[in-house]
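*Asks:* Input start23.cif, format and content: mmCIF, C-alpha atoms and all ligand atoms.
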data_my_file
loop_
_atom_site.label_atom_id
_atom_site.label_comp_id
_atom_site.auth_asym_id
_atom_site.auth_seq_id
_atom_site.Cartn_x
_atom_site.Cartn_y
_atom_site.Cartn_z
CA MET A 713 107.41 95.18 101.92
CA ARG A 714 107.79 94.59 98.16
CA LEU A 715 104.71 93.20 96.43
CA ILE A 716 103.68 92.24 92.92
CA LEU A 717 99.98 92.22 92.02
CA LEU A 718 99.27 89.80 89.20
CA GLY A 719 96.02 89.16 87.37
CA PRO A 720 94.11 89.78 84.15
CA PRO A 721 92.81 93.19 83.07
CA GLY A 722 89.97 94.17 85.40
CA ALA A 723 90.95 91.75 88.17
CA GLY A 724 91.11 94.64 90.64
CA LYS A 725 94.90 95.13 90.84
CA GLY A 726 94.69 98.92 90.70
CA THR A 727 91.83 99.08 93.21
CA GLN A 728 93.63 96.87 95.72
CA ALA A 729 97.02 98.52 95.08
CA ARG A 730 95.65 101.93 96.05
CA MET A 731 94.21 100.50 99.29
CA LEU A 732 97.50 98.76 100.10
CA GLU A 733 99.39 101.97 99.36
CA GLU A 734 97.29 103.80 101.93
CA LYS A 735 97.45 101.07 104.59
CA PHE A 736 101.18 100.35 104.35
CA SER A 737 102.42 103.80 103.21
CA ILE A 738 104.39 102.36 100.30
CA PRO A 739 103.91 103.58 96.71
CA GLN A 740 101.77 101.87 94.11
CA ILE A 741 103.77 101.63 90.89
CA SER A 742 101.54 101.08 87.88
CA THR A 743 103.26 100.76 84.50
CA GLY A 744 99.85 101.36 82.88
CA ASP A 745 99.51 104.72 84.69
CA MET A 746 103.11 105.67 83.87
CA LEU A 747 102.59 104.86 80.20
CA ARG A 748 99.25 106.71 80.03
CA LYS A 749 100.95 109.79 81.52
CA ALA A 750 103.73 109.55 78.92
CA VAL A 751 101.08 109.35 76.19
CA SER A 752 99.16 112.37 77.49
CA ASP A 753 102.40 114.34 77.94
CA GLY A 754 103.26 113.52 74.31
CA THR A 755 106.79 112.28 75.14
CA GLU A 756 108.81 110.13 72.71
CA LEU A 757 108.20 107.13 74.97
CA GLY A 758 104.48 107.93 75.01
CA LYS A 759 104.39 108.04 71.22
CA ARG A 760 106.04 104.61 71.02
CA ALA A 761 103.68 103.15 73.63
CA ASN A 762 100.46 104.64 72.31
CA ALA A 763 99.87 102.36 69.33
CA CYS A 764 100.43 99.17 71.38
CA MET A 765 98.17 100.30 74.20
CA GLY A 766 95.33 101.39 71.93
CA ASP A 767 95.46 98.00 70.26
CA GLY A 768 95.45 96.00 73.51
CA GLN A 769 99.01 94.75 72.95
CA LEU A 770 101.93 94.94 75.35
CA VAL A 771 104.42 97.76 75.07
CA PRO A 772 107.95 96.41 74.25
CA ASP A 773 109.74 94.91 77.25
CA GLU A 774 112.76 97.25 77.06
CA ILE A 775 110.54 100.34 77.53
CA VAL A 776 108.77 99.15 80.69
CA ILE A 777 111.87 97.52 82.16
CA GLU A 778 113.75 100.83 81.92
CA LEU A 779 110.81 102.70 83.50
CA ILE A 780 110.66 100.31 86.44
CA LYS A 781 114.42 100.11 86.98
CA GLU A 782 114.51 103.88 87.42
CA ARG A 783 111.34 104.08 89.50
CA ILE A 784 112.19 101.49 92.16
CA LYS A 785 115.47 103.27 92.88
CA GLU A 786 113.65 106.46 93.92
CA ASP A 787 113.68 107.48 97.58
CA ASP A 788 110.00 106.77 98.26
CA CYS A 789 110.58 103.10 97.39
CA ALA A 790 113.15 102.60 100.14
CA GLY A 791 110.52 101.08 102.46
CA GLY A 792 108.96 98.94 99.74
CA PHE A 793 106.52 99.23 96.85
CA ILE A 794 103.54 97.62 95.16
CA LEU A 795 104.01 96.70 91.51
CA ASP A 796 100.68 96.87 89.68
CA GLY A 797 100.79 95.53 86.11
CA PHE A 798 104.51 94.74 86.10
CA PRO A 799 106.00 92.28 85.31
CA ARG A 800 103.83 91.06 82.46
CA THR A 801 106.23 88.78 80.61
CA ILE A 802 108.85 86.27 81.69
CA VAL A 803 111.58 88.59 80.36
CA GLN A 804 110.26 91.44 82.54
CA ALA A 805 110.15 89.15 85.59
CA GLU A 806 113.73 87.99 84.99
CA LYS A 807 115.01 91.56 84.59
CA LEU A 808 113.16 92.64 87.73
CA GLY A 809 114.76 89.76 89.64
CA GLU A 810 118.22 90.79 88.38
CA THR A 811 117.71 94.46 89.28
CA LEU A 812 116.50 93.62 92.77
CA ALA A 813 119.37 91.17 93.28
CA GLU A 814 121.84 93.94 92.37
CA MET A 815 120.14 96.08 95.04
CA LYS A 816 120.33 93.11 97.46
CA LEU A 817 116.53 93.05 97.67
CA GLY A 818 113.80 90.54 96.89
CA ILE A 819 110.04 90.26 96.43
CA ASP A 820 108.06 89.37 99.56
CA ALA A 821 104.87 88.18 97.85
CA VAL A 822 103.18 87.91 94.48
CA VAL A 823 99.41 88.18 94.85
CA ASP A 824 97.47 86.67 91.97
CA PHE A 825 93.81 87.68 91.53
CA GLU A 826 91.59 85.06 89.88
CA VAL A 827 88.38 86.36 88.26
CA ASP A 828 86.33 84.75 85.49
CA VAL A 829 86.23 86.30 82.03
CA GLN A 830 82.54 87.35 82.01
CA GLU A 831 83.00 89.26 85.25
CA LEU A 832 86.16 90.92 83.88
CA ILE A 833 84.27 92.17 80.81
CA VAL A 834 81.47 93.62 82.95
CA ARG A 835 83.99 95.35 85.22
CA LEU A 836 86.02 96.88 82.41
CA THR A 837 83.17 98.06 80.20
CA GLY A 838 81.64 99.89 83.21
CA ARG A 839 84.85 101.32 84.66
CA ARG A 840 85.22 105.09 85.06
CA SER A 841 88.34 106.75 86.49
CA CYS A 842 89.03 110.24 87.72
CA SER A 843 91.28 112.22 85.39
CA ASN A 844 92.54 114.21 88.37
CA CYS A 845 93.20 111.80 91.28
CA GLY A 846 92.84 108.40 89.57
CA ALA A 847 90.03 107.18 91.87
CA MET A 848 88.13 104.26 90.34
CA PHE A 849 84.37 103.89 89.90
CA HIS A 850 82.00 101.58 88.09
CA ASP A 851 78.71 102.50 86.40
CA GLU A 852 76.79 99.76 88.21
CA THR A 853 78.78 98.38 91.14
CA ARG A 854 80.56 101.51 92.40
CA PRO A 855 78.76 104.53 90.92
CA PRO A 856 79.82 108.04 91.94
CA GLU A 857 77.25 110.13 93.83
CA LYS A 858 77.00 112.50 90.87
CA THR A 859 77.32 111.07 87.35
CA GLY A 860 80.66 111.90 85.76
CA VAL A 861 82.09 113.54 88.89
CA CYS A 862 84.66 112.08 91.28
CA ASP A 863 83.38 111.69 94.87
CA ARG A 864 86.86 112.18 96.25
CA CYS A 865 88.12 115.33 94.51
CA GLY A 866 85.34 116.58 92.21
CA GLY A 867 87.44 115.76 89.12
CA GLU A 868 85.97 114.62 85.82
CA LEU A 869 85.42 110.88 85.32
CA HIS A 870 86.41 109.32 82.01
CA GLN A 871 86.43 105.93 80.31
CA ARG A 872 89.79 104.51 79.22
CA LEU A 873 90.24 104.20 75.46
CA ASP A 874 91.18 100.52 75.79
CA ASP A 875 88.02 99.71 77.79
CA ASN A 876 85.89 98.85 74.76
CA ARG A 877 84.76 95.28 74.17
CA GLU A 878 86.99 94.56 71.16
CA THR A 879 90.19 95.81 72.86
CA ILE A 880 89.25 94.14 76.15
CA LEU A 881 89.05 90.76 74.37
CA LYS A 882 92.50 91.35 72.85
CA ARG A 883 93.93 92.33 76.25
CA LEU A 884 92.52 89.14 77.78
CA GLU A 885 94.12 87.06 75.03
CA VAL A 886 97.47 88.80 75.53
CA TYR A 887 97.18 88.15 79.27
CA LYS A 888 96.56 84.44 78.68
CA ASN A 889 99.53 84.05 76.33
CA GLU A 890 102.11 86.43 77.80
CA THR A 891 101.33 87.07 81.46
CA ALA A 892 99.54 84.02 82.89
CA PRO A 893 102.78 81.94 82.62
CA LEU A 894 104.17 84.18 85.37
CA LYS A 895 102.00 82.30 87.88
CA GLU A 896 104.11 79.20 87.34
CA PHE A 897 107.31 81.29 87.34
CA TYR A 898 106.54 82.69 90.81
CA ARG A 899 104.99 79.47 92.12
CA LYS A 900 108.35 77.80 91.52
CA GLN A 901 110.02 80.61 93.49
CA GLY A 902 107.63 79.89 96.37
CA ASN A 903 106.04 83.33 96.77
CA LEU A 904 102.80 83.07 94.78
CA LYS A 905 99.61 83.70 96.78
CA THR A 906 96.26 83.30 95.07
CA VAL A 907 93.15 85.30 95.93
CA GLU A 908 89.64 84.63 94.68
CA GLY A 909 89.03 88.05 93.09
CA ARG A 910 85.21 87.90 93.29
CA GLY A 911 83.47 89.45 96.28
CA SER A 912 83.39 92.97 97.62
CA VAL A 913 86.46 95.15 97.30
CA GLU A 914 86.70 95.22 101.11
CA GLU A 915 86.44 91.42 101.44
CA ILE A 916 89.20 90.94 98.91
CA PHE A 917 91.34 93.54 100.64
CA SER A 918 91.01 91.64 103.95
CA GLN A 919 92.07 88.43 102.21
CA VAL A 920 95.09 90.13 100.66
CA CYS A 921 96.15 91.67 103.98
CA ALA A 922 95.84 88.29 105.71
CA LEU A 923 97.96 86.63 103.01
CA ILE A 924 100.79 89.13 103.10
CA SER A 925 101.01 89.77 106.82
P1 LIG B 1001 97.13 98.57 82.80
O1 LIG B 1001 96.78 99.95 83.04
O2 LIG B 1001 98.08 97.87 83.70
O3 LIG B 1001 95.78 97.75 82.66
P2 LIG B 1001 95.39 96.21 82.96
O4 LIG B 1001 96.44 95.30 83.44
O5 LIG B 1001 94.74 95.82 81.70
O6 LIG B 1001 94.57 96.28 84.20
P3 LIG B 1001 93.41 97.22 84.47
O7 LIG B 1001 93.92 98.54 84.96
O8 LIG B 1001 92.48 97.29 83.29
O9 LIG B 1001 92.63 96.42 85.61
P4 LIG B 1001 92.90 96.25 87.16
O10 LIG B 1001 93.24 94.84 87.44
O11 LIG B 1001 93.84 97.30 87.67
O12 LIG B 1001 91.43 96.50 87.71
P5 LIG B 1001 90.80 97.77 88.44
O13 LIG B 1001 91.22 97.82 89.85
O14 LIG B 1001 91.01 98.98 87.61
O15 LIG B 1001 97.74 98.40 81.31
C1 LIG B 1001 97.17 99.06 80.20
C2 LIG B 1001 98.06 98.85 78.98
O16 LIG B 1001 99.38 99.41 79.22
C3 LIG B 1001 98.35 97.38 78.61
O17 LIG B 1001 97.32 96.83 77.81
C4 LIG B 1001 99.68 97.51 77.87
O18 LIG B 1001 99.49 97.99 76.56
C5 LIG B 1001 100.41 98.59 78.66
N1 LIG B 1001 101.23 98.04 79.75
C6 LIG B 1001 101.05 98.27 81.09
N2 LIG B 1001 101.98 97.62 81.80
C7 LIG B 1001 102.76 96.96 80.89
C8 LIG B 1001 103.87 96.10 81.02
N3 LIG B 1001 104.38 95.78 82.23
N4 LIG B 1001 104.41 95.60 79.90
C9 LIG B 1001 103.95 95.92 78.68
N5 LIG B 1001 102.87 96.72 78.50
C10 LIG B 1001 102.30 97.24 79.59
O19 LIG B 1001 89.25 97.36 88.41
C11 LIG B 1001 88.52 97.32 87.20
C12 LIG B 1001 87.05 97.71 87.46
O20 LIG B 1001 86.47 96.73 88.31
C13 LIG B 1001 86.87 99.06 88.17
O21 LIG B 1001 85.73 99.70 87.67
C14 LIG B 1001 86.68 98.69 89.64
O22 LIG B 1001 85.89 99.64 90.33
C15 LIG B 1001 85.98 97.35 89.51
N6 LIG B 1001 86.29 96.43 90.60
C16 LIG B 1001 87.47 96.25 91.22
N7 LIG B 1001 87.39 95.32 92.18
C17 LIG B 1001 86.09 94.87 92.15
C18 LIG B 1001 85.38 93.89 92.90
N8 LIG B 1001 85.93 93.19 93.88
N9 LIG B 1001 84.07 93.69 92.59
C19 LIG B 1001 83.46 94.41 91.61
N10 LIG B 1001 84.09 95.36 90.89
C20 LIG B 1001 85.40 95.59 91.13
#
Go ahead and render the structure in this file as structure tokens.
*Replies:*
Amino acid sequence: MRLILLGPPGAGKGTQARMLEEKFSIPQISTGDMLRKAVSDGTELGKRANACMGDGQLVPDEIVIELIKERIKEDDCAGGFILDGFPRTIVQAEKLGETLAEMKLGIDAVVDFEVDVQELIVRLTGRRSCSNCGAMFHDETRPPEKTGVCDRCGGELHQRLDDNRETILKRLEVYKNETAPLKEFYRKQGNLKTVEGRGSVEEIFSQVCALIS
């Protein structure tokens, strides 16, 4: 199964992608995670990406397209994958379509998460993630048992640099202008499925599973 998770920052794409990864044993591919790793490793690509990410802007298309083209050809993607945060522009979606067509593959479903802006801001300002295993928490709605410590692996929890109010507002604006048009792009292709992204994580997961099965 090959899935795309679409939705604004904080819509729950990463949370749901990790659950889908576990249930269906196919990898979650997050361009955000790949770029953050490149930044922390100090690679050339990371240096190019860093300024855009810190400012809430998109990283240039050619960088992420190249990352994804390489990644989806890896062995663990043979049985499918979950794209989380890619594509984010029409150009990225077109290039993805071309790459998959060359591999004689297609996308099975594009799941779009709809959440209102006020809720997104609350979710992002309170988000904490584990620097070791990537598990996601929230100060109010999903707090860890011990403040600052991951329940799953004991790793240290941190706040993303782009999760401050000013950058969040920029990211939401970029989403509206650059990424939201993808809904129409995939609706025309007939594989867009919309999920009301409010409700418990488990309720949303059930909805997603029902839509894609
Ligand atoms: P990226 O890392 O992809 O961030 P994003 O799209 O902004 O999405 P988020 O990770 O912030 O949110 P999410 O939808 O995954 O929500 P989550 O599950 O974490 O991108 C970061 C940057 O990298 C971009 O700004 C850009 O610069 C660059 N980039 C990445 N991909 C790119 C691309 N393709 N092209 C160009 N540039 C690219 O949940 C959020 C919080 O809400 C958590 O605390 C969680 O616990 C909580 N939560 C989740 N679900 C629920 C629920 N149902 N109820 C209550 N709380 C919930």
*Asks:* Using CA of Gly867 (chain A) and atom C18 of ligand LIG 1001 (chain B) as the two end points, give the distance in Å to one decimal.
*Replies:*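 That distance, rounded to one decimal, is 22.3 Å.
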*Asks:* Can you work out which one of A:Leu795, A:Val751, A:Leu770, A:Leu715 has the shortest atom-to-atom distance to ligand LIG 1001 (chain B), counting all atoms listed in the file?
*Replies:*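 Comparing A:Leu795, A:Val751, A:Leu770, A:Leu715 against ligand LIG 1001 (chain B), the winner is A:Leu770.
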*Asks:* Please report the interatomic distance between CA of Ala750 (chain A) and atom O16 of ligand LIG 1001 (chain B) in Å with one decimal.
*Replies:*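 Taking CA of Ala750 (chain A) as the start and atom O16 of ligand LIG 1001 (chain B) as the end point, the length is 11.0 Å.
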*Asks:* Produce as a PyMOL selection string the set of residues near ligand LIG 1001 (chain B), where near means within 7 Å with all atoms listed in the file considered.
*Replies:* chain A and resi 719-728+742-745+747+764-765+768-773+776+796-800+835-836+838-840+848-850+853-854+883+909-913+916
*Asks:* So how many Å separate CA of Thr801 (chain A) and CA of Ala892 (chain A), to one decimal?
*Replies:*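 Going from CA of Thr801 (chain A) over to CA of Ala892 (chain A), I get 8.5 Å.
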*Asks:* Fix up region 889-918 of chain A with N, CA and C atoms, then write it as a PDB file, keeping the file's coordinate frame.
*Replies:*
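Okay, rebuild_4.pdb is ready:
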ATOM      1  N   ASN A 889      98.324  84.545  77.001  1.00  0.00           N
ATOM      2  CA  ASN A 889      99.530  84.050  76.330  1.00  0.00           C
ATOM      3  C   ASN A 889     100.827  84.545  76.977  1.00  0.00           C
ATOM      4  N   GLU A 890     100.841  85.819  77.371  1.00  0.00           N
ATOM      5  CA  GLU A 890     102.110  86.430  77.800  1.00  0.00           C
ATOM      6  C   GLU A 890     102.290  86.504  79.314  1.00  0.00           C
ATOM      7  N   THR A 891     101.190  86.754  80.034  1.00  0.00           N
ATOM      8  CA  THR A 891     101.330  87.070  81.460  1.00  0.00           C
ATOM      9  C   THR A 891     100.975  85.899  82.374  1.00  0.00           C
ATOM     10  N   ALA A 892      99.947  85.124  82.016  1.00  0.00           N
ATOM     11  CA  ALA A 892      99.540  84.020  82.890  1.00  0.00           C
ATOM     12  C   ALA A 892     100.703  83.050  83.208  1.00  0.00           C
ATOM     13  N   PRO A 893     101.653  82.828  82.277  1.00  0.00           N
ATOM     14  CA  PRO A 893     102.780  81.940  82.620  1.00  0.00           C
ATOM     15  C   PRO A 893     103.598  82.425  83.827  1.00  0.00           C
ATOM     16  N   LEU A 894     103.434  83.690  84.200  1.00  0.00           N
ATOM     17  CA  LEU A 894     104.170  84.180  85.370  1.00  0.00           C
ATOM     18  C   LEU A 894     103.721  83.511  86.666  1.00  0.00           C
ATOM     19  N   LYS A 895     102.491  82.977  86.655  1.00  0.00           N
ATOM     20  CA  LYS A 895     102.000  82.300  87.880  1.00  0.00           C
ATOM     21  C   LYS A 895     102.927  81.129  88.193  1.00  0.00           C
ATOM     22  N   GLU A 896     103.232  80.352  87.149  1.00  0.00           N
ATOM     23  CA  GLU A 896     104.110  79.200  87.340  1.00  0.00           C
ATOM     24  C   GLU A 896     105.522  79.649  87.717  1.00  0.00           C
ATOM     25  N   PHE A 897     105.970  80.724  87.068  1.00  0.00           N
ATOM     26  CA  PHE A 897     107.310  81.290  87.340  1.00  0.00           C
ATOM     27  C   PHE A 897     107.446  81.615  88.831  1.00  0.00           C
ATOM     28  N   TYR A 898     106.436  82.294  89.397  1.00  0.00           N
ATOM     29  CA  TYR A 898     106.540  82.690  90.810  1.00  0.00           C
ATOM     30  C   TYR A 898     106.155  81.551  91.751  1.00  0.00           C
ATOM     31  N   ARG A 899     105.310  80.621  91.265  1.00  0.00           N
ATOM     32  CA  ARG A 899     104.990  79.470  92.120  1.00  0.00           C
ATOM     33  C   ARG A 899     106.268  78.684  92.408  1.00  0.00           C
ATOM     34  N   LYS A 900     107.086  78.534  91.361  1.00  0.00           N
ATOM     35  CA  LYS A 900     108.350  77.800  91.520  1.00  0.00           C
ATOM     36  C   LYS A 900     109.286  78.524  92.491  1.00  0.00           C
ATOM     37  N   GLN A 901     109.166  79.850  92.550  1.00  0.00           N
ATOM     38  CA  GLN A 901     110.020  80.610  93.490  1.00  0.00           C
ATOM     39  C   GLN A 901     109.448  80.585  94.905  1.00  0.00           C
ATOM     40  N   GLY A 902     108.220  80.073  95.041  1.00  0.00           N
ATOM     41  CA  GLY A 902     107.630  79.890  96.370  1.00  0.00           C
ATOM     42  C   GLY A 902     106.949  81.109  96.950  1.00  0.00           C
ATOM     43  N   ASN A 903     106.722  82.173  96.142  1.00  0.00           N
ATOM     44  CA  ASN A 903     106.040  83.330  96.770  1.00  0.00           C
ATOM     45  C   ASN A 903     104.717  83.713  96.115  1.00  0.00           C
ATOM     46  N   LEU A 904     104.100  82.771  95.392  1.00  0.00           N
ATOM     47  CA  LEU A 904     102.800  83.070  94.780  1.00  0.00           C
ATOM     48  C   LEU A 904     101.667  82.842  95.776  1.00  0.00           C
ATOM     49  N   LYS A 905     100.784  83.837  95.905  1.00  0.00           N
ATOM     50  CA  LYS A 905      99.610  83.700  96.780  1.00  0.00           C
ATOM     51  C   LYS A 905      98.378  84.037  95.946  1.00  0.00           C
ATOM     52  N   THR A 906      97.423  83.116  95.935  1.00  0.00           N
ATOM     53  CA  THR A 906      96.260  83.300  95.070  1.00  0.00           C
ATOM     54  C   THR A 906      95.044  83.753  95.862  1.00  0.00           C
ATOM     55  N   VAL A 907      94.346  84.755  95.287  1.00  0.00           N
ATOM     56  CA  VAL A 907      93.150  85.300  95.930  1.00  0.00           C
ATOM     57  C   VAL A 907      91.986  85.140  94.964  1.00  0.00           C
ATOM     58  N   GLU A 908      90.863  84.682  95.473  1.00  0.00           N
ATOM     59  CA  GLU A 908      89.640  84.630  94.680  1.00  0.00           C
ATOM     60  C   GLU A 908      89.167  86.086  94.537  1.00  0.00           C
ATOM     61  N   GLY A 909      89.264  86.619  93.302  1.00  0.00           N
ATOM     62  CA  GLY A 909      89.030  88.050  93.090  1.00  0.00           C
ATOM     63  C   GLY A 909      87.574  88.463  93.015  1.00  0.00           C
ATOM     64  N   ARG A 910      86.641  87.522  93.252  1.00  0.00           N
ATOM     65  CA  ARG A 910      85.210  87.900  93.290  1.00  0.00           C
ATOM     66  C   ARG A 910      84.818  88.142  94.730  1.00  0.00           C
ATOM     67  N   GLY A 911      83.870  89.061  94.931  1.00  0.00           N
ATOM     68  CA  GLY A 911      83.470  89.450  96.280  1.00  0.00           C
ATOM     69  C   GLY A 911      83.651  90.946  96.376  1.00  0.00           C
ATOM     70  N   SER A 912      83.289  91.513  97.527  1.00  0.00           N
ATOM     71  CA  SER A 912      83.390  92.970  97.620  1.00  0.00           C
ATOM     72  C   SER A 912      84.855  93.375  97.680  1.00  0.00           C
ATOM     73  N   VAL A 913      85.102  94.609  97.285  1.00  0.00           N
ATOM     74  CA  VAL A 913      86.460  95.150  97.300  1.00  0.00           C
ATOM     75  C   VAL A 913      87.058  95.004  98.712  1.00  0.00           C
ATOM     76  N   GLU A 914      86.220  95.274  99.720  1.00  0.00           N
ATOM     77  CA  GLU A 914      86.700  95.220 101.110  1.00  0.00           C
ATOM     78  C   GLU A 914      87.023  93.784 101.534  1.00  0.00           C
ATOM     79  N   GLU A 915      86.170  92.832 101.104  1.00  0.00           N
ATOM     80  CA  GLU A 915      86.440  91.420 101.440  1.00  0.00           C
ATOM     81  C   GLU A 915      87.761  90.961 100.826  1.00  0.00           C
ATOM     82  N   ILE A 916      87.974  91.358  99.590  1.00  0.00           N
ATOM     83  CA  ILE A 916      89.200  90.940  98.910  1.00  0.00           C
ATOM     84  C   ILE A 916      90.412  91.588  99.578  1.00  0.00           C
ATOM     85  N   PHE A 917      90.237  92.850  99.968  1.00  0.00           N
ATOM     86  CA  PHE A 917      91.340  93.540 100.640  1.00  0.00           C
ATOM     87  C   PHE A 917      91.723  92.815 101.942  1.00  0.00           C
ATOM     88  N   SER A 918      90.714  92.368 102.698  1.00  0.00           N
ATOM     89  CA  SER A 918      91.010  91.640 103.950  1.00  0.00           C
ATOM     90  C   SER A 918      91.787  90.365 103.647  1.00  0.00           C
TER      91      SER A 918
END
